[in-house]
Amino acid sequence: MSKGYCLGIESTADDFGVGVVSFKGEILANINDSYVPEKGGIHPREAARHHADVAGKVITEALKRSKIEPKDLTLIAFSQGPGLGPCLRTGATAARSLASYLNLPLVGVNHCVAHIEIGKLTTGALDPLTLYVSGGNTIVSAYESGRYRIFGETLDIAVGNCLDAFVRESDIKFERGKPLGRIVEELAAKGKNYIPLPYTVKGIDLSFSGLLTAAVSLLKEKKYDVEDVCFSFQETAFSMLTEVTERALAHTEKKEVLLTGGVAANTRLQTMLRIMSEEHGARFSVVPKGYSADNGVMIAWTGVLSYLHGMKVPIEKSFVKTKWRLDEVEVPWVEKRDIS
Ligand code: AMP
Ligand code: MG
């Protein structure tokens, strides 16, 4: 593999992240600055304004941390989609400016592919069935014939969004900046009694909006402890995720299961998937915490893989793709590895 360094920019939603990696997959820097809404969910234009405000600082910090000079960089990668338009465009503008100023090639990366590739890089998984769970996505996928195929996905909201909206719509107190899913996890650990909630699985697809509505109304009724509602909410949502992952595993007969995305930080979800994977004789791995939520490292690394397979994009054609699906992307580097 040739020598080089890639700087990657992530900006699909609330996070503005910059990572620097070598072509060998060494991680030299991982700097992130998140937009935290005053109230409610992510406001795309406000998040984009945040990204524009912090971009210079985060890029400078990442270069400083990586101990390399801008002239040592070989390419610039950016999250081209899917995501929120204004946020994507801000990251893309920063990436285009850097590429043009430093006269470097630009690579547009699919954010979902990047979550899978960082999981593989950091855990050593080669050909896993992947459960990718985050604020914006819930996807069960595996590699087949040149692409990561989608075997199942959410039919409405993502599980991370479901957890976040549940906290925001109830009276649960939270520390600004702490992931809302983590707050549910901490409360759920103290719950004991299971209260039945809507469990919606259709084949390998899932739906979370009924669960969200029911869990919020349970809390509003004030008949149950918040810990028990959080416990029941997690048990229901994560059992659904484990069921669909198991179904896809039986279908694909993969020998590895990988958990990635921001919700992968949840230890209860990890436990459920580990037990299920082991029952099928599959190796279970989970992306380390620093790389589970959105980050620039995963974009930089996927940028390297793409670039080494001739994939780059001229600046004038580097439009963002807000609805770019995982299974639209060719991933030629996977076939080249020995995954038998
Ligand atoms: P991402 O979209 O990949 O940046 O991930 C952000 C999502 O991960 C948000 O929905 C968070 O609430 C969620 N998250 C972070 N930590 C945890 C946790 N410990 N348990 C459940 N969800 C989490
Ligand atoms: Mg995020």
# chains A, B, ... in the order shown; residues from 1 in each chain; ligands from 1
call {"tool": "closest_atom_pairs", "arguments": {"of": "range 146-198 of chain A", "to": "range 240-244 of chain A", "cutoff": "10 Å", "atoms": "only C-alpha atoms", "output": "tab-separated table"}}
result
residue	atom	partner	partner_atom	distance
A:Phe151	CA	A:Val244	CA	9.1
A:Gly152	CA	A:Val244	CA	7.3
A:Glu153	CA	A:Val244	CA	9.0
A:Thr154	CA	A:Leu241	CA	9.8
A:Val159	CA	A:Leu241	CA	9.0
call {"tool": "select_by_dssp", "arguments": {"residues": "range 133-294 of chain A", "states": "alpha helix (DSSP H)", "output": "PyMOL selection string"}}
result
chain A and resi 159-169+180-188+209-221+226-252+267-279
call {"tool": "residues_near_ligand", "arguments": {"ligand": "ligand 1", "cutoff": "6 Å", "atoms": "only C-alpha atoms and all ligand atoms", "output": "VMD selection string"}}
result
chain A and resid 134 to 136 160 to 161 164 179 to 182 185 261 to 263 265 to 266 293 to 294
call {"tool": "select_by_dssp", "arguments": {"residues": "range 245-312 of chain A", "states": "strand (DSSP E or B)", "output": "number ranges by chain"}}
result
A: 256-260, 283-286
call {"tool": "closest_atom_pairs", "arguments": {"of": "range 279-336 of chain A", "to": "range 81-86 of chain A", "cutoff": "6 Å", "atoms": "only C-alpha atoms", "output": "Markdown table"}}
result
| residue | atom | partner | partner_atom | distance |
| --- | --- | --- | --- | --- |
| A:Val320 | CA | A:Gly81 | CA | 6.0 |
| A:Lys321 | CA | A:Gly81 | CA | 4.8 |
| A:Thr322 | CA | A:Pro82 | CA | 4.4 |
| A:Lys323 | CA | A:Pro82 | CA | 4.9 |
| A:Trp324 | CA | A:Pro82 | CA | 4.8 |
call {"tool": "residues_around", "arguments": {"residues": "range 197-203 of chain A", "least_positions_apart": "6", "cutoff": "12 Å", "atoms": "only C-alpha atoms", "output": "ChimeraX atom specification"}}
result
/A:140,151-156,209-218,228-248,251
call {"tool": "write_last_selection", "arguments": {"atoms": "C-alpha atoms", "output": "tab-separated table (two decimals), in the first residue's frame"}}
result
chain	number	residue	atom	x	y	z
A	140	VAL	CA	-28.84	-4.23	8.95
A	151	PHE	CA	-31.20	-6.53	4.47
A	152	GLY	CA	-33.37	-4.54	6.83
A	153	GLU	CA	-33.87	-0.99	8.05
A	154	THR	CA	-36.22	1.24	9.96
A	155	LEU	CA	-39.44	2.10	8.18
A	156	ASP	CA	-39.81	5.38	10.07
A	209	SER	CA	-42.61	5.55	16.13
A	210	GLY	CA	-45.35	3.56	17.91
A	211	LEU	CA	-42.90	2.62	20.66
A	212	LEU	CA	-41.92	6.29	21.09
A	213	THR	CA	-45.53	7.50	21.37
A	214	ALA	CA	-46.44	4.74	23.83
A	215	ALA	CA	-43.36	5.25	26.03
A	216	VAL	CA	-43.91	9.02	26.22
A	217	SER	CA	-47.58	8.54	27.20
A	218	LEU	CA	-46.63	5.96	29.84
A	228	ASP	CA	-38.99	1.09	34.76
A	229	VAL	CA	-40.20	2.94	31.66
A	230	CYS	CA	-36.59	3.42	30.45
A	231	PHE	CA	-35.85	-0.24	31.18
A	232	SER	CA	-38.93	-1.38	29.24
A	233	PHE	CA	-38.22	1.02	26.42
A	234	GLN	CA	-34.65	-0.27	26.00
A	235	GLU	CA	-35.62	-3.94	26.36
A	236	THR	CA	-38.29	-3.53	23.66
A	237	ALA	CA	-36.23	-1.47	21.18
A	238	PHE	CA	-33.09	-3.58	21.58
A	239	SER	CA	-34.96	-6.91	21.38
A	240	MET	CA	-36.40	-5.73	18.07
A	241	LEU	CA	-32.89	-4.88	16.84
A	242	THR	CA	-31.53	-8.23	18.03
A	243	GLU	CA	-34.37	-10.14	16.38
A	244	VAL	CA	-33.82	-8.57	12.95
A	245	THR	CA	-30.05	-8.96	13.20
A	246	GLU	CA	-30.52	-12.63	14.07
A	247	ARG	CA	-32.84	-13.14	11.11
A	248	ALA	CA	-30.32	-11.53	8.74
A	251	HIS	CA	-30.10	-15.74	6.12
call {"tool": "atom_distance", "arguments": {"atom1": "CA of Lys255 in chain A", "atom2": "CA of Ser145 in chain A"}}
result
17.1 Å
